[in-house]
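Undergrad: Questions regarding the structure given below will be posed in turn.
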Amino acid sequence: MSDPAPSLKFTSDEEFEELDVMNTPILAVDDLEDNLDLLKDLLEEKGFNNVLLALSGQEALDIIQQRDDIGLVLLDLMMPGMDGYETSRLISHNQKSRHIPIIVVTGGALRRDEALLKSFECGAMDFIPKPVNEVELFGRVKSALMLYHERILVRAKNKELAESQQRYDLAVNGVNDGIWDIDLVTNQVYYSPKWKEILGFGDNELPNQIRIWEDLIHPEDKDLVLDAMQDHWNQKTPFYSSEHRLRTKEGSYKSVYVRGKAIWDKNGNVIRMVGSMTDITPRRKLEKQLRQAQQMESIGRLSAGVAHDFNNLLTAILGHVKLGKKGLPSDAATLTHLKHIERASIQAAEFCKQLLAYSGEGRYSVEEVDINPLVQETVDLLSVSISKKIKLEYFLSPNSILVEGDRSQLRQVALNLLINAAEAIGEDAGSVTVRTGSVAYEEVDLSNAIVTPDILPNCNFAMLEVQDTGCGISEEDQKKIFDPFYTTKFTGRGLGLSAVIGIIKANSGVMKISSSVGNGAKFTLLFPKHETEQPDLDGRSTPTTQGFDDWKAEGAILIVEDEEVIRELSATLLQDMGFKTFCAEDGLEGLEMFKAHADEISAVILDLNMPNMNGKEAFEEIRKINQETPIILASGYSEEEVIRKFTEKSHNTGFLQKPFMVDRLEQKLKELLSHGS
């Protein structure tokens, strides 16, 4: 088989004629070899350099099937087996070869007119009788090859156009963007089906008119959109872009990002504009959630900082109250005032716990708590203060539902949810239902959870569910109800559900909410069920005072505390007990003081949050010097949080929760020093 002709590239008619036409393969078909040789010689003498020969119609079809570059078929009619008529019909009706011109070259036909007509019916384009006139042959062959190349060019352009259309269709329909095209001369507009779909319309539900787009723009955004478009038309910006809202079929608004490019005429007038539209509503929601999360995190950090600082002040107040009460007669008027100060300070300490709970840092007095009696007590407590039209009922699990946490915080969670449920019903008739139960780890669904732990504990969960038949919560308000001090009531109620969220986070819990306006609300809480009892930091589950009767203060206590008021108060209290004291304002100074007086120091009271060297670092350095010296860790953080940091170093170590009472400080020193001795 001959090599294919070179690719069809030309820049002028002369090059087209001399290169492409003369080198295009020509297939001569005749059952007589002499006729084929004569045709080939005649054509090659005139410069047609690529003449192929076939002795039958079938051989001709085989050659055409194998090659893609045959430009002309010279076909004899009278051949045995498959005649020229059938061969022409098969060539012209085949998808691959129908573009190839066919010239009938024959001398055997009895009636020339009938042969000519039948040849044209079978697909031939020309008819040359034998004996062949050389001039006529060359002219008609060249014309046929010109027609072949015209057909090739048209096929190539049609193919390119079809591929371009296909690419456009894929681009328009295969992406998530809507396409628009505005002809500002004719005012014709094209909105792609996706453009309409983004706004909830079917393809035939929006007319292609400019005013439709203008009517859909949110009134507050229209000026900004038109200004941005005008800036681009004035060529102040390389393209038009805008983020705005468009009205959907349902009447709500979606946030979209629109980008486009204008086309100007030679006079600088905009005649057309084409662009795309992207639905950015989901992105806007995520951005809003991120901002809310960042705000909550910032407020949480602020709450934790305020709580820790306030705890230090309360420690000083309670300590000085203790000193002020000392020596006063029982009937002294001052004693009454000091007791009121002490009581108010203790209440303020409880408020600090709420702040720490909101920040996710406040777990105190961790113990095993049965949810069932806690819920029953809370319901009974609330039942006397709510409307008699509200039916309070609970369905408690027949088995104990044990969790590990602070009893007062868990009660606060239940009470908050119950109060909110009752107030959602108001003075109308309704019901509040509380349920408890167990949920297996595999059954926990986090798909629509409001609060989830960073890592879901691999355990079974205790469930607390509060459901009401009240007014319900709108989707917009559901995003706000956990903000601190947010309320839909006439007067605010403080931290509210934000403190509940903090407690849930601190206990590695899960919260889910299901509600809509007019259909009540259901809050579902999941807490890890209690598995093992957490030992106290110093290794004893329950502190005891047994054996302390003969205890007396001896030696020196090193106080490492960055707050001056706490340092001075602690020193005064310890000296009043009979201890000598050394004071340091940060971990570095405390470490140096311990090295200098290690033989005298009986115990160390070590604050955890300090500059330069924090309490954990100072603790580790002191332990390198002496493994046996009792150390009391003082912090506003919960005991459990401290346990996590000092799990492997709990020997001769105790914990003192700020703010602390003097009695608690004395008790902890007795425990550690007696234990050490």
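Following the order of the structure tokens, chains are lettered A, B, ..., residues in each are numbered from 1, and ligands are numbered from 1.
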Report as a ChimeraX atom specification all protein, DNA and RNA residues lying within 10 Å of stretch 97-106 of chain A, evaluated on only C-alpha atoms, omitting residues in the same chain fewer than 4 positions from it.

TA: /A:27-30,39,61,64-65,67-78,84-85,88-93,112,115-116,119-120,122-132,137,140-141,143-152,155

Undergrad: Write out as an MDAnalysis selection string the set of residues from stretch 221-435 of chain A that DSSP, computed on the backbone, places in alpha helix (DSSP H).

TA: chainID A and resid 222:233 281:325 333:358 371:383 407:425

Undergrad: With a distance cut-off of 9 Å and only C-alpha atoms, select the neighbouring residues of A:Glu33, excluding the residue or stretch itself and same-chain residues fewer than 3 positions from it, and output the selection as an MDAnalysis selection string.

TA: chainID A and resid 30 36:38 53:55

Undergrad: Keeping N, CA and C atoms for every residue in the selection just given, could you write it to a file as a compact mmCIF listing (two decimals), in the first residue's frame?

TA:
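Written output follows (result17.txt):
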# COMPACT_ATOMS: atom_id res chain seq x y z
N ASP A 30 -10.49 -1.20 -13.13
CA ASP A 30 -10.83 -1.81 -14.43
C ASP A 30 -10.41 -3.27 -14.38
N LEU A 36 -5.79 -0.24 -17.28
CA LEU A 36 -5.24 0.38 -16.07
C LEU A 36 -3.86 0.98 -16.33
N ASP A 37 -3.03 0.24 -17.03
CA ASP A 37 -1.67 0.74 -17.31
C ASP A 37 -1.73 2.00 -18.16
N LEU A 38 -2.66 2.01 -19.15
CA LEU A 38 -2.78 3.18 -19.99
C LEU A 38 -3.20 4.41 -19.17
N LEU A 53 -4.12 1.12 -8.46
CA LEU A 53 -4.84 0.29 -9.42
C LEU A 53 -5.61 -0.81 -8.72
N ALA A 54 -6.83 -1.12 -9.24
CA ALA A 54 -7.64 -2.23 -8.71
C ALA A 54 -8.28 -2.95 -9.89
N LEU A 55 -8.23 -4.28 -9.91
CA LEU A 55 -8.74 -5.08 -11.02
C LEU A 55 -10.19 -5.49 -10.84

Undergrad: A:Ser242: which residues within 7 Å, counting only C-alpha atoms, same-chain residues fewer than 4 positions away excluded, as a JSON list (two decimals) with N, CA and C atoms, in the first residue's frame?

TA:
[["chain", "number", "residue", "atom", "x", "y", "z"],
["A", 225, "VAL", "N", -24.47, 46.84, 42.07],
["A", 225, "VAL", "CA", -24.32, 46.01, 40.88],
["A", 225, "VAL", "C", -24.18, 46.88, 39.63],
["A", 228, "ALA", "N", -20.83, 48.73, 39.48],
["A", 228, "ALA", "CA", -19.72, 47.85, 39.09],
["A", 228, "ALA", "C", -19.74, 47.59, 37.59],
["A", 257, "TYR", "N", -22.12, 35.14, 42.93],
["A", 257, "TYR", "CA", -20.94, 35.87, 42.45],
["A", 257, "TYR", "C", -21.04, 35.89, 40.93],
["A", 258, "VAL", "N", -21.09, 37.11, 40.36],
["A", 258, "VAL", "CA", -21.26, 37.27, 38.92],
["A", 258, "VAL", "C", -20.00, 37.91, 38.35],
["A", 259, "ARG", "N", -19.55, 37.34, 37.25],
["A", 259, "ARG", "CA", -18.35, 37.84, 36.58],
["A", 259, "ARG", "C", -18.63, 37.91, 35.08]]

Undergrad: List as a VMD selection string the protein and nucleic acid residues near stretch 667-676 of chain A, meaning an atom at most 7 Å away when only C-alpha atoms are counted, but skip any in the same chain fewer than 3 places from it.

TA: chain A and resid 548 630 652 663 to 664

Undergrad: Store the residues picked out above in a file with all heavy atoms, as a short mmCIF file (atom, residue, chain, number, x, y, z; two decimals), in the first residue's frame.

TA:
data_model
loop_
_atom_site.label_atom_id
_atom_site.label_comp_id
_atom_site.auth_asym_id
_atom_site.auth_seq_id
_atom_site.Cartn_x
_atom_site.Cartn_y
_atom_site.Cartn_z
N PHE A 548 -5.02 13.11 112.06
CA PHE A 548 -4.45 14.44 111.98
C PHE A 548 -4.45 15.17 113.32
O PHE A 548 -4.05 16.32 113.40
CB PHE A 548 -5.22 15.30 110.96
CG PHE A 548 -5.07 14.83 109.54
CD1 PHE A 548 -5.96 15.26 108.57
CD2 PHE A 548 -4.04 13.98 109.17
CE1 PHE A 548 -5.83 14.85 107.26
CE2 PHE A 548 -3.91 13.56 107.86
CZ PHE A 548 -4.80 13.98 106.92
N PRO A 630 6.28 17.24 98.95
CA PRO A 630 4.87 17.41 98.60
C PRO A 630 4.66 18.72 97.83
O PRO A 630 5.21 19.77 98.19
CB PRO A 630 4.17 17.46 99.96
CG PRO A 630 5.09 16.74 100.89
CD PRO A 630 6.48 17.08 100.41
N ASN A 652 2.81 12.21 95.89
CA ASN A 652 3.00 13.35 96.79
C ASN A 652 2.55 14.66 96.15
O ASN A 652 3.19 15.71 96.32
CB ASN A 652 4.48 13.47 97.22
CG ASN A 652 4.78 12.53 98.38
OD1 ASN A 652 3.88 11.93 98.96
ND2 ASN A 652 6.06 12.38 98.70
N ASP A 663 -9.72 26.72 105.26
CA ASP A 663 -9.85 25.38 105.82
C ASP A 663 -9.40 24.33 104.81
O ASP A 663 -8.78 23.32 105.17
CB ASP A 663 -11.29 25.11 106.24
CG ASP A 663 -11.72 26.02 107.39
OD1 ASP A 663 -10.83 26.57 108.06
OD2 ASP A 663 -12.94 26.17 107.60
N ARG A 664 -9.73 24.56 103.53
CA ARG A 664 -9.36 23.60 102.49
C ARG A 664 -7.85 23.57 102.29
O ARG A 664 -7.25 22.51 102.10
CB ARG A 664 -10.07 23.96 101.17
CG ARG A 664 -9.78 23.01 100.02
CD ARG A 664 -10.17 21.59 100.34
NE ARG A 664 -9.91 20.69 99.23
CZ ARG A 664 -9.87 19.37 99.32
NH1 ARG A 664 -10.09 18.79 100.49
NH2 ARG A 664 -9.62 18.64 98.26
#

Undergrad: Name all residues at most 12 Å from A:Asn399 (count only C-alpha atoms; drop same-chain ones fewer than 3 positions away) and give them as number ranges by chain.

TA: A: 370-373, 395-396, 402, 436-438, 462

Undergrad: Grab the atom CA of A:Cys583 to atom CA of A:Ile559 distance for me, in Å with one decimal place.

TA: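 Between these atoms lies a distance of 4.8 Å.
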
Undergrad: Going by DSSP on the backbone, which residues of stretch 217-451 of chain A come out as strand (DSSP E)? List them as a VMD selection string.

TA: chain A and resid 240 to 247 253 to 264 270 to 279 367 to 370 390 to 395 402 to 405 430 to 439 449 to 451

Undergrad: Would you mind telling me which residue in A:Leu313, A:Asn626, A:Val321, A:Gly202 lies nearest to A:Arg343 when using only C-alpha atoms?

TA: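 Closest to A:Arg343 of all the choices is A:Val321.
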
Undergrad: Near A:Lys389, counting only C-alpha atoms, which residues have an atom at most 10 Å away, once you skip same-chain residues fewer than 6 positions from it, shown as number ranges by chain?

TA: A: 425-431
